[in-house]
Every structure is written in C-alpha cells, then in structure tokens.
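Heads up: the structure comes next, in structure tokens.
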Number of protein chains: 2
Amino acid sequence: MLTNRSYHHGDLRRALLERAGTVLQESGADALSLRKLARDIGVSHAAPARHFPDRQALLDALAADGFDRLRARLEEAAAAPGQFDQQVRCVAGAYVDFATTEANLLELLFAHNKGGSAGVLDQGAVDAFAPTLEIFRRGQTEGRLPAGDPVRLGLIFIATLQGIAVLANSGITRSDQLRPLIDEAVTHFLRGVRSSA
Amino acid sequence: MLTNRSYHHGDLRRALLERAGTVLQESGADALSLRKLARDIGVSHAAPARHFPDRQALLDALAADGFDRLRARLEEAAAAPGQFDQQVRCVAGAYVDFATTEANLLELLFAHNKGGSAGVLDQGAVDAFAPTLEIFRRGQTEGRLPAGDPVRLGLIFIATLQGIAVLANSGITRSDQLRPLIDEAVTHFLRGVRSSA
DNA sequence: CAACAAAGTTGGCAACGCCTACATCCGGTA
DNA sequence: TACCGGATGTAGGCGTTGCCAACTTTGTTG
C-alpha cells in the first residue's frame, strides 16, 4: 500500500470519496462525474465501478457521510456550556452554519431521499437530528419546556432552521441578515412553546 | 397555426414547457432531457434549441412558472375569508400543500437559484412570497400583531413552512402527521410573536 | 415577388453512465 | 513454495445526452 504507480491504487474508495467531496462543495452534485473523478485521481474510467456500482451509490455514500458530519456538529453544539436556551441557540447557529457553509451538500442530503434508497439515508437523517431531539427532551425534564411531544417540537425547530438555511442559500435573504434572523426565530420559537401551557 | 403535421410545430415552446412540467412532476428535474422531450413531442432533437438556448434555460422557465403558480396559490389563500389567524393558517396549509404536491418543482425552485441566473428567479421568489408578507403587514396595521419588521417575520414564517415541507418530502415525517405539525408550528409561531411585545 | 428572419432538420462531436471481457495483484492454502 | 481464486484495475464498446454548425422550409414584409 501507499505504493504509487502500482496497478492497484490501494485506497481508491477513499480517494474517490475525498475528491468527490471537494467537487461537490465547489461545483454541486450535478458536476460529479465518475469518469472525471477517475481521471482526476489517475485511474481508468471504469475503476470506480468496483467501489460504487453506479453514480447514485457514490451520491448515497456522500450523503451518508454528510449526515454523519452534521450529527457530530449538532452533538457538539448541543453539549455547549450554558443554560438550556444557550444550547438551543448554539444548535441553531451550528445547523445554519453547516447548511450554508456546505450548501451543495445540504441540497444533496434533502434532495435525494425521495427515491429508492430510503432506508439507509433516512436512518442517517434521523440519527443526525437525534442530538437536537435529545436537547428538547432534556429541556422538558429540566422543566425549561412545557410537556408535549418532544419529537414534534424538535421537528418544528429543525424545519425552521432548515428553511432559513434554504432561503439563505437561495439568495433570498442577505447573509449579513442571517444571524439576527436566526436569533429572532429562536426567540419566537421558545416563547411560543412556553406560552402554550 | 394549429396545423398539425406541418414543418413548423406552431407552438413548440408551450408544448415543450407542458411536457417538461409533467416529466418534472413525475420523475424530477434530473430526468429532463431536451432530446427526449423533442422525441415525445415528435420533433427533431435540435428543435428545442430555437426556444431554449440550453437545458438550463428550460429549467429556468419551469422555475419561473412555478414561482408564478406558487404566488397565485398563496394570494388566493391570503384572501381567504375569516380572521387574521385563519388566513395565516390558510396560507400555511396552502404552502405546504403546494410544496408536497409538487415536490420536484419545489426542489427545482430552491435548488437552482444559487448559480448565475440570479436576477429573474430571485425576483420570482420575492414576488411569490409577497402576498405572505402582505398578510403580516395587514396583521400589524389591524393590531393583530405587534410592531416589528414584517419582512423578518414573514421570512421566519415561510422558512418554517419550507422546512416542514422539505422534511415531509424527504420522508422524515409521515404524511399523516403533517397537518398537526403545521397547526402546532403556526400556533407556536403566532404565540411567540405576540408575547414578544 | 424576392429577400430575409424565424423555426425545424440533419449530422457530428465530446462526454457520460453502464456493460463485458481481459489483465494484474494479493492472500490463503495445498 | 507454488498456485489458485477473488479482488481490483484496464480497455473497449454501446446508447444517450447537450451543444454546435450547415442546411431546408415557411411565412412575413418591403
């Protein structure tokens, strides 16, 4: 392994995913071509097929990894020091930051789940949002939130952040207005939830 | 015009858009092929180029029409009979209904704005959301909402709906749980906004 | 009526995804 | 140690696509 110029690459799958990740980030999912990736890496055009049966499998792998990184990011934010409200705001900021920094990845994550490969990717999405739901459960047990279905609360919260990120990525809201928009959204959300008891 | 079987189609642009609309609805934007559209309509493979310089131009036209229909739908919902809250709920329902019924179109609307053709499409998005912002302005003048930037309020509202629709389209929330989710989101939103004064 | 522009056709090019057949390398086993 | 089989990479081909250029038909207009 690590032998350059050998017949076998040694870690082609990883190399493909790595290169694909940067192409995705820079040019979007539509720009991803198995043949071009192979060329970039210096391998024949059919080599990727050994690791990804078709183009969709590569996209799925990118999505799975994306959900994983999103989950890690949200977990980290959810564990931030401070009171409950502080943590919620931290999660909100982390989500929108992730979603706008990796806009093309975000599009891939939510654009492609419709089709056939539902199982694995859906699980990835559920896992990614688990830490956020956990925060709301904790908020309830700590008495910082009224009782109610934490999943529904969490979904509304995530939906709001997701929507803000999409509006930002579409250029509908200017990026310098993003931070106050998030702050106000979270403020209204927490007030709305609390005044419902 | 209306002459079938003639050398010139007569209304090829409209025919292309119509066919493209159904293909988009049934199979998504990725499945749209200029050559296939031409074949479906019964015209040569290069004919579409006279009306759409490239594939992107067709997608842009579909998006522009989509924003137009969304705007009409939201305008209609905003003009529903009843009190302010009732109208807001009506708009929310209309938006999510549109976004889930035409999931592939929704994806196209918000996926493609990133790139170059910013101007026209951005305007379409702004126009589409205008009726919703108008509702919030009206709510303020009628005293049903506290003072504040109506644009920011409207964006948060739309973002929440957009997020819920995306989560639904991605299969993250079951469709039978969609209606209560919307209701609760609107309820919390209105309460949160009102208790901010 | 002749000229011209708009609209449609034919053919070609390069790139792509996917398939099949073949080459090479590595690791377990006789 | 020799070998053999599976995993990995290569070479080439097929059908489709987007885009381009050259040509034809049609309808309008001076």
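Just so we're on the same page: first chain in the structure tokens is A, next is B, and so on; residues restart at 1 for each chain, and ligands are numbered from 1 in the order they show up.
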
Superimposed copy of chain B on chain A by least squares over C-alpha atoms, as a PDB file with C-alpha atoms, in the first residue's frame:
ATOM      1  CA  MET B   1      -0.445  -0.432   0.384  1.00  0.00           C
ATOM      2  CA  LEU B   2       0.611   3.182   0.015  1.00  0.00           C
ATOM      3  CA  THR B   3       2.465   2.004  -3.085  1.00  0.00           C
ATOM      4  CA  ASN B   4       2.028   4.771  -5.577  1.00  0.00           C
ATOM      5  CA  ARG B   5       2.187   3.961  -9.282  1.00  0.00           C
ATOM      6  CA  SER B   6       1.176   0.382  -8.688  1.00  0.00           C
ATOM      7  CA  TYR B   7      -1.505  -1.376 -10.646  1.00  0.00           C
ATOM      8  CA  HIS B   8      -3.801  -1.233  -7.674  1.00  0.00           C
ATOM      9  CA  HIS B   9      -4.451   2.120  -6.155  1.00  0.00           C
ATOM     10  CA  GLY B  10      -4.610   0.929  -2.588  1.00  0.00           C
ATOM     11  CA  ASP B  11      -7.353   3.167  -1.278  1.00  0.00           C
ATOM     12  CA  LEU B  12      -9.346   4.184  -4.290  1.00  0.00           C
ATOM     13  CA  ARG B  13     -12.664   4.287  -2.508  1.00  0.00           C
ATOM     14  CA  ARG B  14     -11.436   6.821  -0.013  1.00  0.00           C
ATOM     15  CA  ALA B  15      -9.705   8.830  -2.735  1.00  0.00           C
ATOM     16  CA  LEU B  16     -12.904   8.920  -4.763  1.00  0.00           C
ATOM     17  CA  LEU B  17     -14.996  10.060  -1.835  1.00  0.00           C
ATOM     18  CA  GLU B  18     -12.460  12.705  -0.916  1.00  0.00           C
ATOM     19  CA  ARG B  19     -12.225  14.142  -4.391  1.00  0.00           C
ATOM     20  CA  ALA B  20     -15.997  13.874  -4.838  1.00  0.00           C
ATOM     21  CA  GLY B  21     -16.457  15.806  -1.620  1.00  0.00           C
ATOM     22  CA  THR B  22     -14.467  18.766  -2.844  1.00  0.00           C
ATOM     23  CA  VAL B  23     -16.117  18.725  -6.257  1.00  0.00           C
ATOM     24  CA  LEU B  24     -19.512  18.630  -4.572  1.00  0.00           C
ATOM     25  CA  GLN B  25     -18.565  21.554  -2.362  1.00  0.00           C
ATOM     26  CA  GLU B  26     -17.191  23.606  -5.245  1.00  0.00           C
ATOM     27  CA  SER B  27     -19.532  22.761  -8.102  1.00  0.00           C
ATOM     28  CA  GLY B  28     -22.554  20.875  -6.832  1.00  0.00           C
ATOM     29  CA  ALA B  29     -23.792  17.343  -7.253  1.00  0.00           C
ATOM     30  CA  ASP B  30     -24.644  17.766 -10.928  1.00  0.00           C
ATOM     31  CA  ALA B  31     -20.980  18.358 -11.678  1.00  0.00           C
ATOM     32  CA  LEU B  32     -19.994  14.971 -10.277  1.00  0.00           C
ATOM     33  CA  SER B  33     -18.882  12.567 -12.964  1.00  0.00           C
ATOM     34  CA  LEU B  34     -17.433   9.147 -12.265  1.00  0.00           C
ATOM     35  CA  ARG B  35     -15.191   9.412 -15.299  1.00  0.00           C
ATOM     36  CA  LYS B  36     -13.904  12.823 -14.341  1.00  0.00           C
ATOM     37  CA  LEU B  37     -13.222  11.685 -10.804  1.00  0.00           C
ATOM     38  CA  ALA B  38     -11.268   8.734 -12.170  1.00  0.00           C
ATOM     39  CA  ARG B  39      -9.311  11.073 -14.434  1.00  0.00           C
ATOM     40  CA  ASP B  40      -8.557  13.449 -11.559  1.00  0.00           C
ATOM     41  CA  ILE B  41      -7.250  10.612  -9.439  1.00  0.00           C
ATOM     42  CA  GLY B  42      -5.343   9.082 -12.322  1.00  0.00           C
ATOM     43  CA  VAL B  43      -7.125   5.823 -12.717  1.00  0.00           C
ATOM     44  CA  SER B  44      -9.074   4.286 -15.575  1.00  0.00           C
ATOM     45  CA  HIS B  45     -12.643   5.340 -16.209  1.00  0.00           C
ATOM     46  CA  ALA B  46     -14.174   2.055 -15.111  1.00  0.00           C
ATOM     47  CA  ALA B  47     -12.221   1.688 -11.905  1.00  0.00           C
ATOM     48  CA  PRO B  48     -14.772   3.528  -9.720  1.00  0.00           C
ATOM     49  CA  ALA B  49     -17.355   0.888 -10.597  1.00  0.00           C
ATOM     50  CA  ARG B  50     -15.520  -1.580  -8.350  1.00  0.00           C
ATOM     51  CA  HIS B  51     -16.349   0.605  -5.358  1.00  0.00           C
ATOM     52  CA  PHE B  52     -19.609   2.258  -6.409  1.00  0.00           C
ATOM     53  CA  PRO B  53     -21.924   0.188  -8.599  1.00  0.00           C
ATOM     54  CA  ASP B  54     -23.369   3.329 -10.101  1.00  0.00           C
ATOM     55  CA  ARG B  55     -23.269   7.064  -9.764  1.00  0.00           C
ATOM     56  CA  GLN B  56     -26.127   7.033  -7.319  1.00  0.00           C
ATOM     57  CA  ALA B  57     -24.163   4.849  -4.942  1.00  0.00           C
ATOM     58  CA  LEU B  58     -21.456   7.494  -4.804  1.00  0.00           C
ATOM     59  CA  LEU B  59     -24.022  10.178  -4.062  1.00  0.00           C
ATOM     60  CA  ASP B  60     -25.513   7.980  -1.359  1.00  0.00           C
ATOM     61  CA  ALA B  61     -22.126   7.524   0.247  1.00  0.00           C
ATOM     62  CA  LEU B  62     -21.527  11.275   0.168  1.00  0.00           C
ATOM     63  CA  ALA B  63     -24.927  11.828   1.748  1.00  0.00           C
ATOM     64  CA  ALA B  64     -24.318   9.255   4.459  1.00  0.00           C
ATOM     65  CA  ASP B  65     -21.026  10.906   5.326  1.00  0.00           C
ATOM     66  CA  GLY B  66     -22.711  14.296   5.262  1.00  0.00           C
ATOM     67  CA  PHE B  67     -25.364  13.217   7.721  1.00  0.00           C
ATOM     68  CA  ASP B  68     -22.644  11.823   9.908  1.00  0.00           C
ATOM     69  CA  ARG B  69     -20.743  15.084   9.973  1.00  0.00           C
ATOM     70  CA  LEU B  70     -23.938  17.013  10.568  1.00  0.00           C
ATOM     71  CA  ARG B  71     -24.741  14.777  13.502  1.00  0.00           C
ATOM     72  CA  ALA B  72     -21.283  15.301  14.976  1.00  0.00           C
ATOM     73  CA  ARG B  73     -21.629  19.040  14.553  1.00  0.00           C
ATOM     74  CA  LEU B  74     -25.019  19.147  16.224  1.00  0.00           C
ATOM     75  CA  GLU B  75     -23.871  16.893  19.033  1.00  0.00           C
ATOM     76  CA  GLU B  76     -20.993  19.202  19.717  1.00  0.00           C
ATOM     77  CA  ALA B  77     -23.271  22.244  19.696  1.00  0.00           C
ATOM     78  CA  ALA B  78     -25.812  20.541  21.959  1.00  0.00           C
ATOM     79  CA  ALA B  79     -23.095  19.911  24.498  1.00  0.00           C
ATOM     80  CA  ALA B  80     -22.086  23.560  24.647  1.00  0.00           C
ATOM     81  CA  PRO B  81     -21.710  25.085  28.087  1.00  0.00           C
ATOM     82  CA  GLY B  82     -24.453  27.282  29.412  1.00  0.00           C
ATOM     83  CA  GLN B  83     -28.136  27.143  30.140  1.00  0.00           C
ATOM     84  CA  PHE B  84     -30.754  25.379  28.075  1.00  0.00           C
ATOM     85  CA  ASP B  85     -31.609  28.419  25.964  1.00  0.00           C
ATOM     86  CA  GLN B  86     -27.960  28.985  25.255  1.00  0.00           C
ATOM     87  CA  GLN B  87     -27.576  25.438  23.992  1.00  0.00           C
ATOM     88  CA  VAL B  88     -30.619  25.717  21.780  1.00  0.00           C
ATOM     89  CA  ARG B  89     -29.210  28.874  20.227  1.00  0.00           C
ATOM     90  CA  CYS B  90     -25.900  27.156  19.775  1.00  0.00           C
ATOM     91  CA  VAL B  91     -27.534  24.252  17.924  1.00  0.00           C
ATOM     92  CA  ALA B  92     -29.450  26.672  15.735  1.00  0.00           C
ATOM     93  CA  GLY B  93     -26.305  28.540  14.836  1.00  0.00           C
ATOM     94  CA  ALA B  94     -24.414  25.331  14.160  1.00  0.00           C
ATOM     95  CA  TYR B  95     -27.116  23.972  11.906  1.00  0.00           C
ATOM     96  CA  VAL B  96     -27.446  27.074   9.780  1.00  0.00           C
ATOM     97  CA  ASP B  97     -23.691  27.477   9.651  1.00  0.00           C
ATOM     98  CA  PHE B  98     -23.267  23.906   8.438  1.00  0.00           C
ATOM     99  CA  ALA B  99     -26.121  24.223   5.976  1.00  0.00           C
ATOM    100  CA  THR B 100     -24.834  27.433   4.416  1.00  0.00           C
ATOM    101  CA  THR B 101     -21.151  26.538   4.481  1.00  0.00           C
ATOM    102  CA  GLU B 102     -21.892  23.277   2.715  1.00  0.00           C
ATOM    103  CA  ALA B 103     -24.857  24.379   0.686  1.00  0.00           C
ATOM    104  CA  ASN B 104     -24.374  21.831  -2.083  1.00  0.00           C
ATOM    105  CA  LEU B 105     -24.109  19.032   0.423  1.00  0.00           C
ATOM    106  CA  LEU B 106     -27.279  20.189   2.138  1.00  0.00           C
ATOM    107  CA  GLU B 107     -29.087  20.077  -1.159  1.00  0.00           C
ATOM    108  CA  LEU B 108     -27.868  16.549  -1.726  1.00  0.00           C
ATOM    109  CA  LEU B 109     -28.941  15.452   1.732  1.00  0.00           C
ATOM    110  CA  PHE B 110     -32.543  16.501   1.317  1.00  0.00           C
ATOM    111  CA  ALA B 111     -32.953  16.263  -2.408  1.00  0.00           C
ATOM    112  CA  HIS B 112     -32.161  12.663  -2.807  1.00  0.00           C
ATOM    113  CA  ASN B 113     -34.079  10.875  -0.143  1.00  0.00           C
ATOM    114  CA  LYS B 114     -37.246  10.697  -2.161  1.00  0.00           C
ATOM    115  CA  GLY B 115     -36.290   7.764  -4.287  1.00  0.00           C
ATOM    116  CA  GLY B 116     -35.446   4.184  -3.659  1.00  0.00           C
ATOM    117  CA  SER B 117     -32.591   4.038  -1.185  1.00  0.00           C
ATOM    118  CA  ALA B 118     -34.883   5.247   1.558  1.00  0.00           C
ATOM    119  CA  GLY B 119     -33.743   3.002   4.362  1.00  0.00           C
ATOM    120  CA  VAL B 120     -30.130   3.875   5.009  1.00  0.00           C
ATOM    121  CA  LEU B 121     -30.355   7.564   4.279  1.00  0.00           C
ATOM    122  CA  ASP B 122     -33.491   8.055   6.313  1.00  0.00           C
ATOM    123  CA  GLN B 123     -31.706   6.459   9.224  1.00  0.00           C
ATOM    124  CA  GLY B 124     -28.823   8.856   8.680  1.00  0.00           C
ATOM    125  CA  ALA B 125     -31.178  11.810   8.822  1.00  0.00           C
ATOM    126  CA  VAL B 126     -32.871  10.518  11.934  1.00  0.00           C
ATOM    127  CA  ASP B 127     -29.502   9.969  13.598  1.00  0.00           C
ATOM    128  CA  ALA B 128     -28.327  13.412  12.579  1.00  0.00           C
ATOM    129  CA  PHE B 129     -31.285  15.031  14.264  1.00  0.00           C
ATOM    130  CA  ALA B 130     -31.202  12.831  17.347  1.00  0.00           C
ATOM    131  CA  PRO B 131     -28.972  15.150  19.402  1.00  0.00           C
ATOM    132  CA  THR B 132     -31.362  18.014  18.764  1.00  0.00           C
ATOM    133  CA  LEU B 133     -34.359  15.997  19.871  1.00  0.00           C
ATOM    134  CA  GLU B 134     -32.365  14.958  22.908  1.00  0.00           C
ATOM    135  CA  ILE B 135     -31.921  18.596  23.878  1.00  0.00           C
ATOM    136  CA  PHE B 136     -35.647  19.130  23.880  1.00  0.00           C
ATOM    137  CA  ARG B 137     -36.207  16.034  25.987  1.00  0.00           C
ATOM    138  CA  ARG B 138     -33.650  17.313  28.437  1.00  0.00           C
ATOM    139  CA  GLY B 139     -35.317  20.714  28.443  1.00  0.00           C
ATOM    140  CA  GLN B 140     -38.567  19.071  29.418  1.00  0.00           C
ATOM    141  CA  THR B 141     -37.118  17.001  32.234  1.00  0.00           C
ATOM    142  CA  GLU B 142     -35.307  20.083  33.514  1.00  0.00           C
ATOM    143  CA  GLY B 143     -38.581  21.946  33.450  1.00  0.00           C
ATOM    144  CA  ARG B 144     -37.359  24.534  30.981  1.00  0.00           C
ATOM    145  CA  LEU B 145     -40.013  23.432  28.501  1.00  0.00           C
ATOM    146  CA  PRO B 146     -43.649  22.492  28.965  1.00  0.00           C
ATOM    147  CA  ALA B 147     -44.709  18.888  28.443  1.00  0.00           C
ATOM    148  CA  GLY B 148     -45.606  17.705  24.982  1.00  0.00           C
ATOM    149  CA  ASP B 149     -44.277  15.547  22.173  1.00  0.00           C
ATOM    150  CA  PRO B 150     -40.565  16.378  22.021  1.00  0.00           C
ATOM    151  CA  VAL B 151     -40.280  14.899  18.535  1.00  0.00           C
ATOM    152  CA  ARG B 152     -42.862  17.277  17.180  1.00  0.00           C
ATOM    153  CA  LEU B 153     -41.184  20.216  18.888  1.00  0.00           C
ATOM    154  CA  GLY B 154     -37.809  19.196  17.547  1.00  0.00           C
ATOM    155  CA  LEU B 155     -39.125  18.766  14.021  1.00  0.00           C
ATOM    156  CA  ILE B 156     -40.629  22.247  14.014  1.00  0.00           C
ATOM    157  CA  PHE B 157     -37.371  23.634  15.338  1.00  0.00           C
ATOM    158  CA  ILE B 158     -35.272  21.831  12.739  1.00  0.00           C
ATOM    159  CA  ALA B 159     -37.709  22.723   9.981  1.00  0.00           C
ATOM    160  CA  THR B 160     -37.370  26.403  10.812  1.00  0.00           C
ATOM    161  CA  LEU B 161     -33.593  26.229  10.693  1.00  0.00           C
ATOM    162  CA  GLN B 162     -33.652  24.179   7.525  1.00  0.00           C
ATOM    163  CA  GLY B 163     -35.977  26.694   5.930  1.00  0.00           C
ATOM    164  CA  ILE B 164     -33.839  29.637   6.928  1.00  0.00           C
ATOM    165  CA  ALA B 165     -30.783  27.909   5.516  1.00  0.00           C
ATOM    166  CA  VAL B 166     -32.535  27.199   2.233  1.00  0.00           C
ATOM    167  CA  LEU B 167     -33.734  30.782   1.922  1.00  0.00           C
ATOM    168  CA  ALA B 168     -30.196  31.964   2.614  1.00  0.00           C
ATOM    169  CA  ASN B 169     -28.678  29.546   0.107  1.00  0.00           C
ATOM    170  CA  SER B 170     -31.168  30.647  -2.515  1.00  0.00           C
ATOM    171  CA  GLY B 171     -30.070  34.227  -2.048  1.00  0.00           C
ATOM    172  CA  ILE B 172     -33.488  35.299  -0.830  1.00  0.00           C
ATOM    173  CA  THR B 173     -32.072  36.641   2.408  1.00  0.00           C
ATOM    174  CA  ARG B 174     -28.809  38.533   2.536  1.00  0.00           C
ATOM    175  CA  SER B 175     -26.107  36.767   4.475  1.00  0.00           C
ATOM    176  CA  ASP B 176     -25.536  39.701   6.822  1.00  0.00           C
ATOM    177  CA  GLN B 177     -29.161  39.467   7.889  1.00  0.00           C
ATOM    178  CA  LEU B 178     -28.857  35.789   8.642  1.00  0.00           C
ATOM    179  CA  ARG B 179     -27.699  35.972  12.244  1.00  0.00           C
ATOM    180  CA  PRO B 180     -30.478  38.295  13.501  1.00  0.00           C
ATOM    181  CA  LEU B 181     -32.982  36.193  11.582  1.00  0.00           C
ATOM    182  CA  ILE B 182     -31.878  33.063  13.401  1.00  0.00           C
ATOM    183  CA  ASP B 183     -31.874  34.830  16.752  1.00  0.00           C
ATOM    184  CA  GLU B 184     -35.360  36.138  16.269  1.00  0.00           C
ATOM    185  CA  ALA B 185     -36.639  32.793  15.033  1.00  0.00           C
ATOM    186  CA  VAL B 186     -35.284  30.993  18.084  1.00  0.00           C
ATOM    187  CA  THR B 187     -36.621  33.664  20.399  1.00  0.00           C
ATOM    188  CA  HIS B 188     -40.110  33.419  18.943  1.00  0.00           C
ATOM    189  CA  PHE B 189     -39.958  29.662  18.928  1.00  0.00           C
ATOM    190  CA  LEU B 190     -39.033  29.374  22.595  1.00  0.00           C
ATOM    191  CA  ARG B 191     -41.607  31.972  23.615  1.00  0.00           C
ATOM    192  CA  GLY B 192     -44.281  30.302  21.555  1.00  0.00           C
ATOM    193  CA  VAL B 193     -43.596  26.911  23.024  1.00  0.00           C
ATOM    194  CA  ARG B 194     -43.513  28.204  26.578  1.00  0.00           C
ATOM    195  CA  SER B 195     -46.686  30.237  26.439  1.00  0.00           C
ATOM    196  CA  SER B 196     -48.615  27.202  25.249  1.00  0.00           C
ATOM    197  CA  ALA B 197     -49.015  25.652  28.707  1.00  0.00           C
TER     198      ALA B 197
END

Residues of chain C at most 8 Å from chain A: nearest atom pair and distance in Å, only C-alpha atoms (C1' of nucleotides), as a tab-separated table:
residue	atom	partner	partner_atom	distance
C:DC16	C1'	A:Ser33	CA	7.4
C:DG17	C1'	A:Arg55	CA	7.7
C:DC18	C1'	A:Asp54	CA	7.9
C:DT24	C1'	A:Tyr7	CA	6.8
C:DC25	C1'	A:His8	CA	7.2

Go through chain D and flag each residue having an atom no more than 9 Å from chain B; for those, report the closest pair of atoms plus their distance in Å to one decimal, using only C-alpha atoms (C1' of nucleotides), ordered by chain and rising number, as CSV.
residue,atom,partner,partner_atom,distance
D:DT17,C1',B:Ser33,CA,7.4
D:DG18,C1',B:Arg55,CA,7.7
D:DC19,C1',B:Asp54,CA,7.9
D:DT25,C1',B:Tyr7,CA,6.9
D:DT26,C1',B:His8,CA,7.5

Name the residues of region 13-191 of chain B that come out as alpha helix (DSSP H) in a backbone DSSP run; write them as an MDAnalysis selection string. chainID B and resid 13:27 34:41 55:78 84:101 103:111 118:141 150:169 178:191
